[in-house]
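Undergrad: Data: my_file_13.csv, CSV, C-alpha atoms.
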chain,number,residue,atom,x,y,z
A,1,ALA,CA,7.8,10.9,-30.9
A,2,LEU,CA,5.1,10.7,-28.2
A,3,SER,CA,7.7,9.6,-25.6
A,4,SER,CA,10.1,12.3,-26.6
A,5,ALA,CA,7.3,14.8,-26.4
A,6,SER,CA,6.6,13.8,-22.8
A,7,ILE,CA,10.2,14.2,-21.9
A,8,LEU,CA,10.5,17.6,-23.6
A,9,ILE,CA,7.3,18.9,-21.8
A,10,VAL,CA,8.7,17.8,-18.4
A,11,LEU,CA,12.1,19.4,-19.3
A,12,PHE,CA,10.2,22.7,-20.0
A,13,LEU,CA,8.3,22.3,-16.7
A,14,LEU,CA,11.7,21.9,-14.9
A,15,ILE,CA,13.1,25.1,-16.5
A,16,TYR,CA,9.8,26.9,-15.9
A,17,THR,CA,9.6,26.0,-12.2
A,18,TYR,CA,13.3,27.0,-11.6
A,19,VAL,CA,12.7,30.4,-13.3
A,20,LEU,CA,9.5,30.9,-11.4
A,21,ALA,CA,11.3,30.0,-8.1
A,22,PHE,CA,14.0,32.6,-9.0
A,23,LEU,CA,11.5,35.3,-9.8
A,24,THR,CA,9.4,34.7,-6.7
A,25,GLN,CA,12.5,34.1,-4.5
A,26,THR,CA,11.0,30.7,-3.4
A,27,ILE,CA,13.2,27.7,-2.8
A,28,ASP,CA,11.0,24.7,-2.3
A,29,PHE,CA,12.9,21.5,-2.7
A,30,PHE,CA,9.6,19.5,-2.8
A,31,VAL,CA,8.8,21.3,-6.0
A,32,LEU,CA,12.2,21.5,-7.7
A,33,GLY,CA,13.4,18.0,-6.6
A,34,ARG,CA,10.1,16.4,-7.8
A,35,ILE,CA,10.3,17.7,-11.3
A,36,LEU,CA,14.0,17.0,-11.6
A,37,ARG,CA,13.7,13.4,-10.4
A,38,SER,CA,10.8,12.8,-12.7
A,39,LEU,CA,12.8,14.0,-15.7
A,40,ILE,CA,15.9,12.0,-14.9
A,41,ASN,CA,13.8,8.8,-14.4
A,42,MET,CA,12.0,9.4,-17.7
A,43,ILE,CA,15.2,9.7,-19.6
A,44,VAL,CA,16.6,6.5,-18.0
A,45,ILE,CA,13.3,4.6,-18.7
A,46,TYR,CA,13.2,5.8,-22.2
A,47,PHE,CA,16.8,4.7,-23.1
A,48,CYS,CA,16.3,1.3,-21.3
A,49,VAL,CA,12.7,0.2,-21.8
A,50,TYR,CA,12.1,1.8,-25.2
A,51,HIS,CA,15.0,0.2,-26.9
A,52,LEU,CA,14.5,-3.2,-25.3
A,53,VAL,CA,10.9,-3.3,-26.5
A,54,TYR,CA,11.6,-1.8,-29.9
A,55,ALA,CA,14.3,-4.4,-30.5
A,56,ARG,CA,11.9,-7.0,-29.2
A,57,LEU,CA,14.4,-8.1,-26.6
A,58,ILE,CA,11.6,-8.0,-24.1
A,59,SER,CA,7.9,-8.0,-24.7
A,60,VAL,CA,5.2,-5.7,-23.4
A,61,ASP,CA,3.5,-8.9,-21.9
A,62,GLU,CA,6.6,-9.6,-19.8
A,63,ILE,CA,6.8,-6.0,-18.5
A,64,ILE,CA,3.1,-6.2,-17.6
A,65,ARG,CA,3.6,-9.4,-15.7
A,66,TYR,CA,6.5,-7.9,-13.8
A,67,ILE,CA,4.4,-4.9,-12.9
A,68,ILE,CA,1.5,-7.2,-11.7
A,69,VAL,CA,3.9,-9.3,-9.5
A,70,ILE,CA,5.5,-6.2,-8.0
A,71,LEU,CA,2.2,-4.5,-7.2
A,72,SER,CA,0.8,-7.8,-5.8
A,73,ILE,CA,3.7,-8.0,-3.5
A,74,GLY,CA,2.7,-4.6,-2.2
A,75,SER,CA,-0.8,-5.8,-1.6
A,76,PHE,CA,0.5,-8.8,0.3
A,77,VAL,CA,2.5,-6.5,2.5
A,78,ILE,CA,-0.7,-4.5,3.2
A,79,LEU,CA,-2.4,-7.7,4.5
A,80,ALA,CA,0.7,-8.7,6.5
A,81,GLN,CA,0.7,-5.3,8.2
A,82,VAL,CA,-3.0,-5.7,9.2
A,83,ILE,CA,-2.4,-9.2,10.5
A,84,PHE,CA,0.8,-8.3,12.3
A,85,PRO,CA,0.5,-4.6,13.2
A,86,SER,CA,3.8,-4.7,15.1
A,87,ILE,CA,5.7,-4.6,11.8
A,88,GLN,CA,4.1,-1.3,10.8
A,89,PRO,CA,6.5,1.0,12.8
A,90,LEU,CA,9.5,-0.9,11.4
A,91,MET,CA,8.4,-0.6,7.8
A,92,ALA,CA,7.2,3.0,8.2
A,93,GLU,CA,10.8,4.1,8.7
A,94,LEU,CA,11.8,2.3,5.4
A,95,VAL,CA,9.1,3.9,3.2
A,96,GLY,CA,8.8,7.3,4.9
A,97,PHE,CA,5.3,6.8,6.3
A,98,ASN,CA,4.7,9.5,9.0
A,99,LYS,CA,1.0,9.2,9.8
A,100,SER,CA,-0.6,7.6,12.9
A,101,TYR,CA,-1.1,3.8,12.8
A,102,LEU,CA,-4.6,2.5,12.6
A,103,SER,CA,-5.7,-1.1,13.4
A,104,THR,CA,-7.9,-1.4,10.2
A,105,ARG,CA,-5.6,0.3,7.8
A,106,ALA,CA,-2.1,-0.3,6.3
A,107,PHE,CA,0.2,1.5,3.9
A,108,GLY,CA,2.1,-1.5,2.4
A,109,LEU,CA,5.4,-0.4,0.6
A,110,THR,CA,4.3,3.2,0.1
A,111,ALA,CA,4.1,6.4,2.3
A,112,GLY,CA,0.4,6.7,2.4
A,113,TYR,CA,-2.9,4.7,2.7
A,114,ASP,CA,-4.4,6.1,-0.5
A,115,THR,CA,-1.1,5.6,-2.4
A,116,ALA,CA,-1.1,1.9,-1.5
A,117,GLY,CA,-4.8,1.6,-2.1
A,118,TYR,CA,-4.9,3.0,-5.6
A,119,LEU,CA,-2.1,0.7,-6.8
A,120,SER,CA,-3.8,-2.3,-5.3
A,121,ALA,CA,-7.1,-1.3,-6.9
A,122,LEU,CA,-5.3,-0.9,-10.3
A,123,VAL,CA,-3.6,-4.3,-10.2
A,124,SER,CA,-6.9,-5.9,-9.0
A,125,MET,CA,-8.9,-4.3,-11.8
A,126,TYR,CA,-6.4,-5.2,-14.5
A,127,SER,CA,-5.7,-8.8,-13.2
A,128,ILE,CA,-9.4,-9.7,-13.4
A,129,TYR,CA,-9.5,-8.3,-16.9
A,130,LEU,CA,-6.5,-10.4,-17.9
A,131,TYR,CA,-8.1,-13.4,-16.3
A,132,THR,CA,-10.9,-13.2,-19.0
A,133,GLN,CA,-8.4,-12.9,-21.8
A,134,TYR,CA,-6.1,-15.8,-21.0
A,135,ASN,CA,-6.6,-19.6,-21.4
A,136,ARG,CA,-3.1,-20.4,-20.3
A,137,ARG,CA,-1.4,-21.0,-17.0
A,138,TYR,CA,-1.1,-17.3,-16.3
A,139,LYS,CA,-4.8,-16.9,-15.8
A,140,TYR,CA,-4.6,-18.4,-12.3
A,141,VAL,CA,-1.8,-16.0,-11.4
A,142,TYR,CA,-4.1,-13.1,-12.4
A,143,LEU,CA,-7.0,-14.5,-10.5
A,144,MET,CA,-4.9,-14.8,-7.3
A,145,SER,CA,-3.6,-11.3,-7.9
A,146,PHE,CA,-7.2,-10.0,-8.2
A,147,VAL,CA,-8.3,-11.6,-4.9
A,148,LEU,CA,-5.2,-10.7,-3.0
A,149,SER,CA,-5.1,-7.1,-4.2
A,150,GLY,CA,-8.9,-6.7,-3.9
A,151,ILE,CA,-8.9,-7.7,-0.2
A,152,ALA,CA,-5.9,-5.4,0.4
A,153,VAL,CA,-7.7,-2.4,-0.9
A,154,ILE,CA,-10.3,-2.8,1.9
A,155,TYR,CA,-7.6,-2.0,4.4
A,156,THR,CA,-6.2,1.2,2.8
A,157,SER,CA,-8.8,3.9,2.2
A,158,ARG,CA,-12.4,4.7,1.3
A,159,SER,CA,-11.5,6.4,-2.0
A,160,SER,CA,-9.5,3.3,-3.0
A,161,MET,CA,-12.5,1.0,-2.3
A,162,ALA,CA,-14.7,3.4,-4.3
A,163,MET,CA,-12.4,3.3,-7.3
A,164,MET,CA,-12.2,-0.5,-7.2
A,165,LEU,CA,-15.9,-1.1,-6.5
A,166,GLY,CA,-17.0,1.1,-9.4
A,167,LEU,CA,-15.1,-1.0,-11.9
A,168,PHE,CA,-16.2,-4.2,-10.2
A,169,LEU,CA,-19.9,-3.3,-10.6
A,170,VAL,CA,-19.3,-2.6,-14.3
A,171,VAL,CA,-17.6,-5.9,-14.8
A,172,ILE,CA,-20.3,-7.8,-12.9
A,173,TYR,CA,-22.9,-6.3,-15.2
A,174,TYR,CA,-20.9,-7.3,-18.2
A,175,SER,CA,-20.5,-10.8,-16.9
A,176,ILE,CA,-24.3,-11.2,-16.4
A,177,THR,CA,-25.3,-9.8,-19.8
A,178,THR,CA,-22.6,-11.3,-22.0
A,179,LYS,CA,-22.8,-14.6,-23.8
A,180,SER,CA,-19.1,-15.2,-23.6
A,181,ALA,CA,-18.2,-18.2,-21.4
A,182,SER,CA,-14.8,-16.6,-20.5
A,183,SER,CA,-16.5,-13.6,-19.2
A,184,LYS,CA,-19.3,-15.4,-17.3
A,185,ARG,CA,-16.7,-17.2,-15.2
A,186,LEU,CA,-15.8,-13.8,-13.8
A,187,LEU,CA,-19.1,-13.6,-12.0
A,188,MET,CA,-18.5,-15.8,-9.0
A,189,PRO,CA,-15.0,-14.5,-8.0
A,190,LEU,CA,-16.3,-10.9,-8.4
A,191,LEU,CA,-19.3,-11.5,-6.2
A,192,ILE,CA,-17.1,-13.3,-3.6
A,193,ILE,CA,-15.0,-10.2,-3.1
A,194,THR,CA,-17.5,-7.4,-4.0
A,195,VAL,CA,-20.3,-8.3,-1.5
A,196,PRO,CA,-17.9,-8.1,1.5
A,197,VAL,CA,-16.5,-4.8,0.2
A,198,ILE,CA,-20.0,-3.3,-0.1
A,199,ILE,CA,-20.9,-4.4,3.5
A,200,TYR,CA,-17.6,-3.0,4.7
A,201,ILE,CA,-17.7,0.3,2.8
A,202,ILE,CA,-21.2,1.5,3.6
A,203,PRO,CA,-20.5,2.8,7.1
A,204,LEU,CA,-17.3,4.4,5.9
A,205,PHE,CA,-19.1,6.3,3.2
A,206,VAL,CA,-21.7,7.4,5.7
A,207,ILE,CA,-18.8,9.2,7.4
A,208,SER,CA,-17.5,10.5,4.0
A,209,PHE,CA,-20.8,12.3,3.3
A,210,GLY,CA,-21.3,13.5,6.8
A,211,LEU,CA,-24.7,11.7,7.2
A,212,ASP,CA,-25.9,11.4,10.8
A,213,ILE,CA,-26.8,7.7,11.0
A,214,ASP,CA,-26.2,5.7,14.2
A,215,PHE,CA,-24.4,2.4,13.4
A,216,GLU,CA,-23.6,1.8,17.1
A,217,ASN,CA,-24.2,-1.7,18.6
A,218,ILE,CA,-25.1,-3.4,15.3
A,219,PRO,CA,-23.7,-6.9,15.8
A,220,LEU,CA,-22.8,-7.5,12.1
A,221,LEU,CA,-20.8,-4.3,11.8
A,222,GLU,CA,-19.2,-4.9,15.3
A,223,PHE,CA,-18.0,-8.3,14.0
A,224,ILE,CA,-16.7,-6.8,10.8
A,225,TYR,CA,-14.8,-4.0,12.4
A,226,GLY,CA,-13.7,-5.9,15.5
A,227,THR,CA,-14.8,-3.3,18.0
A,228,ASP,CA,-17.4,-3.3,20.8
A,229,SER,CA,-18.6,0.1,19.6
A,230,LEU,CA,-17.9,1.3,16.0
A,231,SER,CA,-15.1,3.8,16.9
A,232,PHE,CA,-14.6,4.9,13.3
A,233,ASN,CA,-12.6,7.9,14.3
A,234,LYS,CA,-9.9,5.7,15.8
A,235,ASN,CA,-10.0,2.7,13.5
A,236,TYR,CA,-10.4,4.1,10.0
A,237,ALA,CA,-11.2,7.7,9.3
A,238,SER,CA,-13.4,10.6,10.6
A,239,THR,CA,-13.4,13.3,7.9
A,240,ASN,CA,-16.1,13.8,5.3
A,241,ILE,CA,-16.0,15.3,1.8
A,242,GLY,CA,-17.4,18.7,3.0
A,243,GLU,CA,-14.7,19.1,5.6
A,244,VAL,CA,-11.9,18.2,3.2
A,245,ALA,CA,-13.2,20.6,0.5
A,246,GLN,CA,-13.5,23.4,3.1
A,247,VAL,CA,-9.9,23.0,4.3
A,248,PHE,CA,-8.0,22.0,1.2
A,249,LEU,CA,-9.8,23.6,-1.7
A,250,PHE,CA,-8.2,27.0,-2.3
A,251,LEU,CA,-6.4,28.9,-5.0
A,252,PRO,CA,-3.4,31.4,-5.0
A,253,ASP,CA,-4.3,34.9,-3.7
A,254,THR,CA,-3.2,36.6,-7.0
A,255,ILE,CA,-4.1,36.3,-10.7
A,256,PHE,CA,-0.4,35.9,-11.4
A,257,GLY,CA,-0.3,33.0,-8.9
A,258,VAL,CA,-3.4,31.3,-10.5
A,259,ILE,CA,-1.9,31.6,-14.1
A,260,PHE,CA,1.8,31.1,-13.5
A,261,GLY,CA,2.0,29.6,-10.0
A,262,THR,CA,4.0,30.4,-6.9
A,263,ALA,CA,6.6,27.6,-7.1
A,264,HIS,CA,5.5,26.6,-3.6
A,265,ASN,CA,4.0,23.4,-2.2
A,266,VAL,CA,0.9,24.2,-0.2
A,267,HIS,CA,-0.7,22.2,2.5
A,268,SER,CA,-3.6,20.6,0.7
A,269,ASP,CA,-4.7,17.0,0.1
A,270,ILE,CA,-6.0,17.8,-3.4
A,271,GLY,CA,-3.5,17.2,-6.1
A,272,TYR,CA,-5.0,19.7,-8.6
A,273,VAL,CA,-4.7,22.4,-5.9
A,274,LYS,CA,-1.1,21.6,-5.4
A,275,ILE,CA,-0.3,21.8,-9.1
A,276,ILE,CA,-2.1,25.1,-9.5
A,277,HIS,CA,0.0,26.6,-6.6
A,278,ILE,CA,3.2,25.1,-8.0
A,279,GLY,CA,3.0,26.2,-11.6
A,280,GLY,CA,-0.5,27.7,-12.2
A,281,ILE,CA,-2.8,27.0,-15.0
A,282,ILE,CA,0.2,26.7,-17.3
A,283,MET,CA,1.6,23.7,-15.4
A,284,MET,CA,-1.9,22.2,-15.0
A,285,PHE,CA,-2.4,22.3,-18.8
A,286,LEU,CA,0.9,20.7,-19.6
A,287,THR,CA,0.4,18.1,-16.9
A,288,ILE,CA,-2.9,17.1,-18.6
A,289,VAL,CA,-1.1,16.8,-21.9
A,290,VAL,CA,1.5,14.5,-20.4
A,291,TYR,CA,-0.9,12.3,-18.5
A,292,PHE,CA,-4.0,12.4,-20.6
A,293,VAL,CA,-3.6,13.8,-24.1
A,294,LEU,CA,-0.5,11.9,-25.2
A,295,PRO,CA,-1.6,8.5,-23.7
A,296,VAL,CA,-5.1,8.8,-25.3
A,297,ARG,CA,-3.5,9.8,-28.6
A,298,LEU,CA,-1.3,6.7,-28.4
A,299,CYS,CA,-4.2,4.4,-27.6
A,300,PHE,CA,-6.1,5.6,-30.6
A,301,SER,CA,-3.2,6.0,-33.0
A,302,ARG,CA,-3.3,4.4,-36.4
A,303,GLY,CA,-0.3,2.1,-35.7
A,304,LEU,CA,-1.7,0.7,-32.5
A,305,SER,CA,-5.1,0.2,-34.1
A,306,GLN,CA,-3.4,-1.9,-36.8
A,307,ILE,CA,-1.7,-4.0,-34.3
A,308,VAL,CA,-5.0,-4.7,-32.5
A,309,ARG,CA,-6.7,-5.6,-35.7
A,310,ILE,CA,-4.0,-8.2,-36.4
A,311,ASP,CA,-3.9,-9.5,-32.8
A,312,PRO,CA,-7.0,-8.5,-30.8
A,313,ASN,CA,-5.3,-9.8,-27.7
A,314,THR,CA,-3.0,-6.7,-27.7
A,315,SER,CA,-6.0,-4.5,-26.8
A,316,LYS,CA,-5.1,-5.3,-23.2
A,317,TYR,CA,-2.3,-2.8,-23.5
A,318,ILE,CA,-4.8,-0.1,-24.3
A,319,VAL,CA,-7.0,-1.2,-21.4
A,320,LEU,CA,-4.0,-0.9,-19.0
A,321,MET,CA,-3.1,2.5,-20.2
A,322,ILE,CA,-6.7,3.8,-19.9
A,323,MET,CA,-7.0,2.3,-16.4
A,324,PHE,CA,-3.9,4.0,-15.3
A,325,VAL,CA,-5.0,7.3,-16.7
A,326,ILE,CA,-8.3,7.0,-14.7
A,327,VAL,CA,-6.4,6.1,-11.5
A,328,MET,CA,-4.1,9.1,-11.9
A,329,PHE,CA,-6.8,11.7,-12.5
A,330,VAL,CA,-9.3,10.4,-10.0
A,331,GLY,CA,-6.6,9.8,-7.4
A,332,ASN,CA,-5.5,13.4,-7.7
A,333,LEU,CA,-8.8,14.5,-6.2
A,334,LYS,CA,-7.4,13.1,-3.0
A,335,ASN,CA,-3.6,13.4,-3.2
A,336,LEU,CA,-0.9,14.6,-5.6
A,337,TYR,CA,0.1,11.8,-7.9
A,338,PHE,CA,1.4,13.7,-10.9
A,339,PHE,CA,5.2,13.5,-10.9
A,340,THR,CA,5.0,11.4,-7.7
A,341,ARG,CA,7.6,8.8,-7.1
A,342,GLY,CA,6.4,5.3,-8.1
A,343,TYR,CA,3.3,6.5,-9.9
A,344,HIS,CA,5.1,8.6,-12.4
A,345,GLU,CA,7.7,6.0,-13.2
A,346,LEU,CA,5.1,3.2,-13.5
A,347,PHE,CA,3.0,5.4,-15.8
A,348,PHE,CA,5.9,6.2,-18.1
A,349,ILE,CA,7.1,2.6,-18.2
A,350,ILE,CA,3.7,1.5,-19.5
A,351,PHE,CA,3.5,4.5,-21.9
A,352,VAL,CA,7.0,4.0,-23.3
A,353,SER,CA,6.5,0.2,-23.7
A,354,ILE,CA,3.3,0.6,-25.8
A,355,THR,CA,4.9,3.4,-27.8
A,356,ALA,CA,7.9,1.3,-28.6
A,357,LEU,CA,5.7,-1.6,-29.7
A,358,ARG,CA,3.7,0.7,-32.0
A,359,ASN,CA,6.8,2.3,-33.5
A,360,SER,CA,8.5,-1.0,-34.0
A,361,TYR,CA,5.4,-2.3,-35.9
A,362,VAL,CA,5.1,0.9,-38.0
A,363,ASP,CA,8.7,1.0,-38.9
A,364,GLU,CA,8.6,-2.7,-39.9
A,365,GLN,CA,5.6,-2.1,-42.1
A,366,ASN,CA,7.2,1.0,-43.7
A,367,GLY,CA,10.3,-1.1,-44.4
A,368,ARG,CA,8.3,-3.8,-46.1
A,369,GLU,CA,6.5,-1.2,-48.3
A,370,TYR,CA,9.9,0.3,-49.2
A,371,MET,CA,11.3,-3.1,-50.2
A,372,ARG,CA,8.3,-3.8,-52.3
A,373,SER,CA,8.7,-0.5,-54.1
A,374,LEU,CA,12.3,-1.3,-55.2
Could you take the file, read its structure, and then write that structure out as structure tokens?
TA:
Amino acid sequence: ALSSASILIVLFLLIYTYVLAFLTQTIDFFVLGRILRSLINMIVIYFCVYHLVYARLISVDEIIRYIIVILSIGSFVILAQVIFPSIQPLMAELVGFNKSYLSTRAFGLTAGYDTAGYLSALVSMYSIYLYTQYNRRYKYVYLMSFVLSGIAVIYTSRSSMAMMLGLFLVVIYYSITTKSASSKRLLMPLLIITVPVIIYIIPLFVISFGLDIDFENIPLLEFIYGTDSLSFNKNYASTNIGEVAQVFLFLPDTIFGVIFGTAHNVHSDIGYVKIIHIGGIIMMFLTIVVYFVLPVRLCFSRGLSQIVRIDPNTSKYIVLMIMFVIVMFVGNLKNLYFFTRGYHELFFIIFVSITALRNSYVDEQNGREYMRSL
């Protein structure tokens, strides 16, 4: 029912945006094509993934491993582009990357630095979590994915590093205070990757907040960034949060536009601003339902809670869903990831897989109770 509800909401949004485009005489293929593509992919995913998981022809664990492998390949490509920058122009044409090339940043298999970074941060976060849960051969795969993706995040964007670093600090605290041996072994790999990230990220966040601190001619930082003078503007980024908000934070000019939208894609880096302009508060509300309300309802549903009580190991599915929700909503402060190619499909695959697992269990339990009543 939850998966069907998501599809019906997106179907309504498709009709809504087409009607709005007709009323406002605005034909924006970015808007209309995005919603249409999202709906078609949701239907395909539902009929393929849902029925495979429900019939237990494929497990949620297998789907998660495929996702981790695919995202880790993306992280590997990021590192390859940094080491061999000459391949960036060739790959840019394949993935639609149209920004300037920077020596300390890479876009992987996506069309943007942040887009690549958030996915690498997600797989890094989740891989180290799985590493604490597994005592089988897969745990070394997760550890390798954590290290590879964690390093890749450094070469994407400041916001990606912030998202990853925040969770790392939480996990480090948990590793220090817990009495669990499986969690304590997290501490060393986390410290190995977190300390360099902190050293690397400090000057970048000085830029982000517009602080006037001179980092020029500091030998350690010159060694890290590979420049004689820290030319941040050329090698990483030059904008700060105040400048971004001043340029990209704005609403439609009319009350009608704020409430119903304009069916038009505006030039803004903030995803929430784009959604408001496209479909107003109405679309923003329904988007929150699709990406937050329904997933949270699934995670805390009775059927899934029963599965976790029977097999505590299945709580990792809830963790993945919650992590993805966090990445989506935090990421949209910087770019539009709602109904975005790759992010939307990955989100729905996870959502549908967990829904199918829960429904399969609930229907099986109901069938047993019915047989007992005969």
Undergrad: Determine, for each residue of stretch 2-93 of chain A having at least one atom at most 7 Å from an atom of stretch 146-161 of chain A, the closest pair of atoms and their separation in Å to one decimal, counting all atoms listed in the file; order by chain and ascending number, as CSV.
TA:
residue,atom,partner,partner_atom,distance
A:Ser72,CA,A:Ser149,CA,6.2
A:Ser75,CA,A:Ser149,CA,5.2
A:Phe76,CA,A:Leu148,CA,6.9
A:Ile78,CA,A:Ala152,CA,6.0
A:Leu79,CA,A:Ala152,CA,5.9
Undergrad: Env of stretch 264-279 of chain A: 8 Å cut, atoms = all atoms listed in the file, seq-sep filter 5 positions within chain, self excluded. Answer as a ChimeraX atom specification.
TA: /A:17,26-28,30-31,244,247-252,257-259,284,332-338
Undergrad: Which residue gives the smallest distance to A:Tyr18 among A:Val53, A:Ile87, A:Ala5, A:Leu36, with all atoms listed in the file counted?
TA: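 Distance minimum relative to A:Tyr18 lands on A:Leu36.
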Undergrad: Find the distance between atom CA of A:Leu119 and atom CA of A:Met164 and write it in Å to one decimal.
TA: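 Separation of atom CA of A:Leu119 and atom CA of A:Met164: 10.2 Å.
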Undergrad: Could you check the closest approach to A:Ile43 for each of A:Pro85, A:Leu109, A:Gly74, A:Leu11 and tell me which residue wins, using only C-alpha atoms?
TA: A:Leu11
Undergrad: Using all atoms listed in the file, pick whichever of A:Phe84, A:Phe324, A:Tyr54, A:Tyr16 has the shortest atom-to-atom distance to A:Val123.
TA: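 Of A:Phe84, A:Phe324, A:Tyr54, A:Tyr16, the one nearest A:Val123, counting all atoms listed in the file, is A:Phe324.
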Undergrad: In terms of the shortest atom-to-atom distance over all atoms listed in the file, which of A:Leu2, A:Ile40, A:Ile73, A:Val82 is closest to A:Leu102?
TA: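 Among A:Leu2, A:Ile40, A:Ile73, A:Val82, it is A:Val82 that comes nearest to A:Leu102.
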Undergrad: Between A:Ser120, A:Asn313, A:Thr287, A:Ser353, which is the closest to A:Phe329 once you count all atoms listed in the file?
TA: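 Of the candidates, the smallest distance to A:Phe329 is held by A:Thr287.
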Undergrad: What does the structure give for the distance between atom CA of A:Leu320 and atom CA of A:Tyr126, in Å to one decimal?
TA: 6.7 Å
Undergrad: Counting all atoms listed in the file, what is within 12 Å of A:Val44, bar same-chain residues fewer than 4 positions away, as a JSON list (two decimals) with C-alpha atoms, in the coordinates of the input?
TA:
[["chain", "number", "residue", "atom", "x", "y", "z"],
["A", 7, "ILE", "CA", 10.20, 14.20, -21.90],
["A", 37, "ARG", "CA", 13.70, 13.40, -10.40],
["A", 38, "SER", "CA", 10.80, 12.80, -12.70],
["A", 39, "LEU", "CA", 12.80, 14.00, -15.70],
["A", 40, "ILE", "CA", 15.90, 12.00, -14.90],
["A", 48, "CYS", "CA", 16.30, 1.30, -21.30],
["A", 49, "VAL", "CA", 12.70, 0.20, -21.80],
["A", 50, "TYR", "CA", 12.10, 1.80, -25.20],
["A", 51, "HIS", "CA", 15.00, 0.20, -26.90],
["A", 345, "GLU", "CA", 7.70, 6.00, -13.20],
["A", 348, "PHE", "CA", 5.90, 6.20, -18.10],
["A", 349, "ILE", "CA", 7.10, 2.60, -18.20],
["A", 352, "VAL", "CA", 7.00, 4.00, -23.30]]
Undergrad: Have a look at atom CA of A:Ser360 and atom CA of A:Ile58 and let me know their distance in Å, one decimal.
TA: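 According to the coordinates, atom CA of A:Ser360 and atom CA of A:Ile58 are separated by 12.5 Å.
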Undergrad: With distances taken over all atoms listed in the file, which of A:Phe29, A:Tyr140, A:Tyr291, A:Phe351 is nearest to A:Val319?
TA: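 Checking each candidate against A:Val319, we get A:Phe351 as the closest.
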Undergrad: Using all atoms listed in the file, collect all residues at a distance of at most 9 Å from (-0.8, -0.3, -36.0) as written in the file, then present them as a list in words.
TA: Ser301, Arg302, Gly303, Leu304, Ser305, Gln306, Ile307, Val308, Arg309, Ile310, Arg358, Asn359, Tyr361 and Val362 of chain A
Undergrad: Please produce a file of those selected residues containing C-alpha atoms, as a compact mmCIF listing (two decimals), keeping the file's coordinate frame.
TA:
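Saved file again36.txt follows:
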# COMPACT_ATOMS: atom_id res chain seq x y z
CA SER A 301 -3.20 6.00 -33.00
CA ARG A 302 -3.30 4.40 -36.40
CA GLY A 303 -0.30 2.10 -35.70
CA LEU A 304 -1.70 0.70 -32.50
CA SER A 305 -5.10 0.20 -34.10
CA GLN A 306 -3.40 -1.90 -36.80
CA ILE A 307 -1.70 -4.00 -34.30
CA VAL A 308 -5.00 -4.70 -32.50
CA ARG A 309 -6.70 -5.60 -35.70
CA ILE A 310 -4.00 -8.20 -36.40
CA ARG A 358 3.70 0.70 -32.00
CA ASN A 359 6.80 2.30 -33.50
CA TYR A 361 5.40 -2.30 -35.90
CA VAL A 362 5.10 0.90 -38.00
Undergrad: Considering only C-alpha atoms, return as a PyMOL selection string whatever protein or nucleic-acid residues lie within 12 Å of A:Lys316, sequence-local ones (same chain, fewer than 4 positions apart) excluded.
TA: chain A and resi 60-61+64+126-134+299+304+307-308+311-312+320-323+350+354
